[in-house]
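Remarks on the structure that follows.
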Amino acid sequence: MTTAAQIPADQLAALANADIQRLAARMAQDVFAGVFRQAVSNDGAPDVGVLGEVASQCANWCRAGGDDDARALRLALLISGLDQWGLAYTQAFGLTAIHPLTALIGGLRTRLDAREESRFQKYFEQIEAVESDAIDFKVDLRRGIHMALWHAMAASESAEQVEAIVQTLGSLMVALDRKMPELGWRLVADALANIQVCLLSDKAPESPLAQDGTQQLFASLRHALPEAHYQAILAHSGQAVVAWQQARRQTAQ
């Protein structure tokens, strides 16, 4: 199993360091949350004025990159994040499309000239193809998506809703492990560790549906993942939970 020392270097870190990558993941989450609220409140119709303002804010952040490559990478990170949030939510909630999200991404892309589009596409594909590139972005992005879906599951009011979200969340984790055979299991372990921390904290959901859904999620992963990966995920997430418990005890003293 891959160890920390064997993780390849992030080839994109020189253009976007860990802090920039994490900021891109958080921006994608915040922007998507606003766009999704708009889709729900406006019957799916984009609010052109609001989307234009959001697109301008995103474009301004991308333009703050140090050079053309850094600017293109920022946009690639942001759109990659928005794409993944959109995919997760359309699957989890049975949506055919999130029209404001489509409009926003289209608006960001149409601002590019041919050279900028080519440079953007290069980095967008590199993020997708190379596991270790933009790894800090990928960890934060996936943590946000996985935890948002888990919290949505915990707040569900019917077994059908729980089952639909658990199925999506499990499928996303299994697909991530297959798509990133060297590092994907670490991202899954990160999500499971955060779920376990929530269960052990004062914010643990009390709903029997939420408890059943969490058990279903762990059982589905145990069934679907290769045994070696599943055991590594449990060990990795368990270490993170133990570290959290120790830090909590020290803080309480």
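Each chain of the structure tokens is named A, B, ... in the order shown, its residues numbered from 1; ligands are numbered from 1 in display order.
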- So which residues touch region 109-117 of chain A within 12 Å, counting only C-alpha atoms, skipping near sequence neighbours fewer than 4 positions away, as a list in words?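 My reading of the contact set: Gly52, Ala55, Ser56, Cys58, Ala59, Asn60, Cys62, Arg63, Asp67, Asp68, Asp69, Ala70, Arg71, Ala72, Leu73, Leu75, Ala76, Leu78, Ile79, Thr102, Ala103, Leu104, Ile105, Gln121, Lys122, Tyr123 and Phe124 of chain A.
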Compile a residue-level contact table for region 175-226 of chain A against region 130-145 of chain A at a cut-off of 6 Å, reporting for every qualifying residue the shortest atom pair and its distance in Å to one decimal, with only C-alpha atoms counted, rows ordered by chain and ascending number, as CSV.
```
residue,atom,partner,partner_atom,distance
A:Met180,CA,A:Glu131,CA,5.9
A:Leu187,CA,A:Val139,CA,5.8
A:Ala191,CA,A:Arg143,CA,5.5
```
- Task: Have a look at CA of Leu192 (chain A) and CA of Gly238 (chain A) and let me know their distance in Å, one decimal.
- Result: 8.9 Å
- Message: Can you tell me which residues surround region 149-151 of chain A at a distance of at most 8 Å, considering only C-alpha atoms, apart from same-chain residues fewer than 4 positions away, and format the answer as a PyMOL selection string?
- Response: chain A and resi 92+145+155+165-166+169+195
- All residues 7 Å or closer to Gly81 (chain A), only C-alpha atoms, same chain fewer than 3 positions away omitted, as a list of chain:residue names: A:Ala25, A:Ala28, A:Leu77, A:Leu78, A:Gln84, A:Trp85, A:Leu141
- Per DSSP on the backbone, what are the helix (DSSP H, G or I) residues of region 14-249 of chain A, as an MDAnalysis selection string? chainID A and resid 18:41 48:63 68:92 99:110 114:129 135:154 159:179 184:200 208:224 227:249
Neighbours of Ala210 (chain A) within 9 Å (only C-alpha atoms; same-chain residues fewer than 2 positions away dropped), as a PDB file with N, CA, C and O atoms, in the first residue's frame?
```
ATOM      1  N   TRP A 150     -23.314  13.335   3.296  1.00  0.00           N
ATOM      2  CA  TRP A 150     -23.592  12.598   4.527  1.00  0.00           C
ATOM      3  C   TRP A 150     -24.528  13.391   5.437  1.00  0.00           C
ATOM      4  O   TRP A 150     -25.479  12.846   6.004  1.00  0.00           O
ATOM      5  N   HIS A 151     -24.292  14.684   5.570  1.00  0.00           N
ATOM      6  CA  HIS A 151     -25.172  15.522   6.398  1.00  0.00           C
ATOM      7  C   HIS A 151     -26.575  15.582   5.791  1.00  0.00           C
ATOM      8  O   HIS A 151     -27.575  15.601   6.524  1.00  0.00           O
ATOM      9  N   MET A 153     -27.930  13.205   4.059  1.00  0.00           N
ATOM     10  CA  MET A 153     -28.512  11.912   4.395  1.00  0.00           C
ATOM     11  C   MET A 153     -29.010  11.913   5.833  1.00  0.00           C
ATOM     12  O   MET A 153     -30.117  11.443   6.132  1.00  0.00           O
ATOM     13  N   ALA A 154     -28.199  12.458   6.744  1.00  0.00           N
ATOM     14  CA  ALA A 154     -28.561  12.467   8.160  1.00  0.00           C
ATOM     15  C   ALA A 154     -29.807  13.301   8.430  1.00  0.00           C
ATOM     16  O   ALA A 154     -30.516  13.065   9.412  1.00  0.00           O
ATOM     17  N   ALA A 155     -30.074  14.267   7.563  1.00  0.00           N
ATOM     18  CA  ALA A 155     -31.248  15.128   7.729  1.00  0.00           C
ATOM     19  C   ALA A 155     -32.468  14.615   6.966  1.00  0.00           C
ATOM     20  O   ALA A 155     -33.536  15.238   7.013  1.00  0.00           O
ATOM     21  N   SER A 156     -32.322  13.504   6.262  1.00  0.00           N
ATOM     22  CA  SER A 156     -33.426  12.974   5.460  1.00  0.00           C
ATOM     23  C   SER A 156     -34.573  12.513   6.352  1.00  0.00           C
ATOM     24  O   SER A 156     -34.376  12.092   7.495  1.00  0.00           O
ATOM     25  N   VAL A 162     -32.792   8.441   2.322  1.00  0.00           N
ATOM     26  CA  VAL A 162     -31.529   7.954   2.879  1.00  0.00           C
ATOM     27  C   VAL A 162     -30.865   6.994   1.905  1.00  0.00           C
ATOM     28  O   VAL A 162     -29.665   7.100   1.611  1.00  0.00           O
ATOM     29  N   PRO A 205     -25.835  13.046  14.677  1.00  0.00           N
ATOM     30  CA  PRO A 205     -27.271  12.965  14.404  1.00  0.00           C
ATOM     31  C   PRO A 205     -27.911  11.876  15.256  1.00  0.00           C
ATOM     32  O   PRO A 205     -27.339  10.796  15.439  1.00  0.00           O
ATOM     33  N   GLU A 206     -29.082  12.163  15.791  1.00  0.00           N
ATOM     34  CA  GLU A 206     -29.753  11.208  16.668  1.00  0.00           C
ATOM     35  C   GLU A 206     -30.792  10.371  15.929  1.00  0.00           C
ATOM     36  O   GLU A 206     -31.324   9.413  16.480  1.00  0.00           O
ATOM     37  N   SER A 207     -31.083  10.733  14.686  1.00  0.00           N
ATOM     38  CA  SER A 207     -32.111  10.030  13.926  1.00  0.00           C
ATOM     39  C   SER A 207     -31.715   8.576  13.674  1.00  0.00           C
ATOM     40  O   SER A 207     -30.597   8.296  13.226  1.00  0.00           O
ATOM     41  N   PRO A 208     -32.612   7.637  13.928  1.00  0.00           N
ATOM     42  CA  PRO A 208     -32.337   6.226  13.583  1.00  0.00           C
ATOM     43  C   PRO A 208     -32.070   6.060  12.090  1.00  0.00           C
ATOM     44  O   PRO A 208     -31.270   5.213  11.694  1.00  0.00           O
ATOM     45  N   ASP A 212     -28.839   4.258  10.550  1.00  0.00           N
ATOM     46  CA  ASP A 212     -28.966   3.150   9.594  1.00  0.00           C
ATOM     47  C   ASP A 212     -28.242   3.488   8.288  1.00  0.00           C
ATOM     48  O   ASP A 212     -27.580   2.623   7.693  1.00  0.00           O
ATOM     49  N   GLY A 213     -28.376   4.725   7.824  1.00  0.00           N
ATOM     50  CA  GLY A 213     -27.725   5.137   6.584  1.00  0.00           C
ATOM     51  C   GLY A 213     -26.214   5.049   6.680  1.00  0.00           C
ATOM     52  O   GLY A 213     -25.547   4.612   5.730  1.00  0.00           O
ATOM     53  N   THR A 214     -25.666   5.449   7.823  1.00  0.00           N
ATOM     54  CA  THR A 214     -24.215   5.378   8.015  1.00  0.00           C
ATOM     55  C   THR A 214     -23.746   3.924   8.014  1.00  0.00           C
ATOM     56  O   THR A 214     -22.723   3.595   7.409  1.00  0.00           O
ATOM     57  N   GLN A 215     -24.504   3.055   8.667  1.00  0.00           N
ATOM     58  CA  GLN A 215     -24.155   1.632   8.667  1.00  0.00           C
ATOM     59  C   GLN A 215     -24.226   1.050   7.254  1.00  0.00           C
ATOM     60  O   GLN A 215     -23.369   0.250   6.858  1.00  0.00           O
TER      61      GLN A 215
END
```
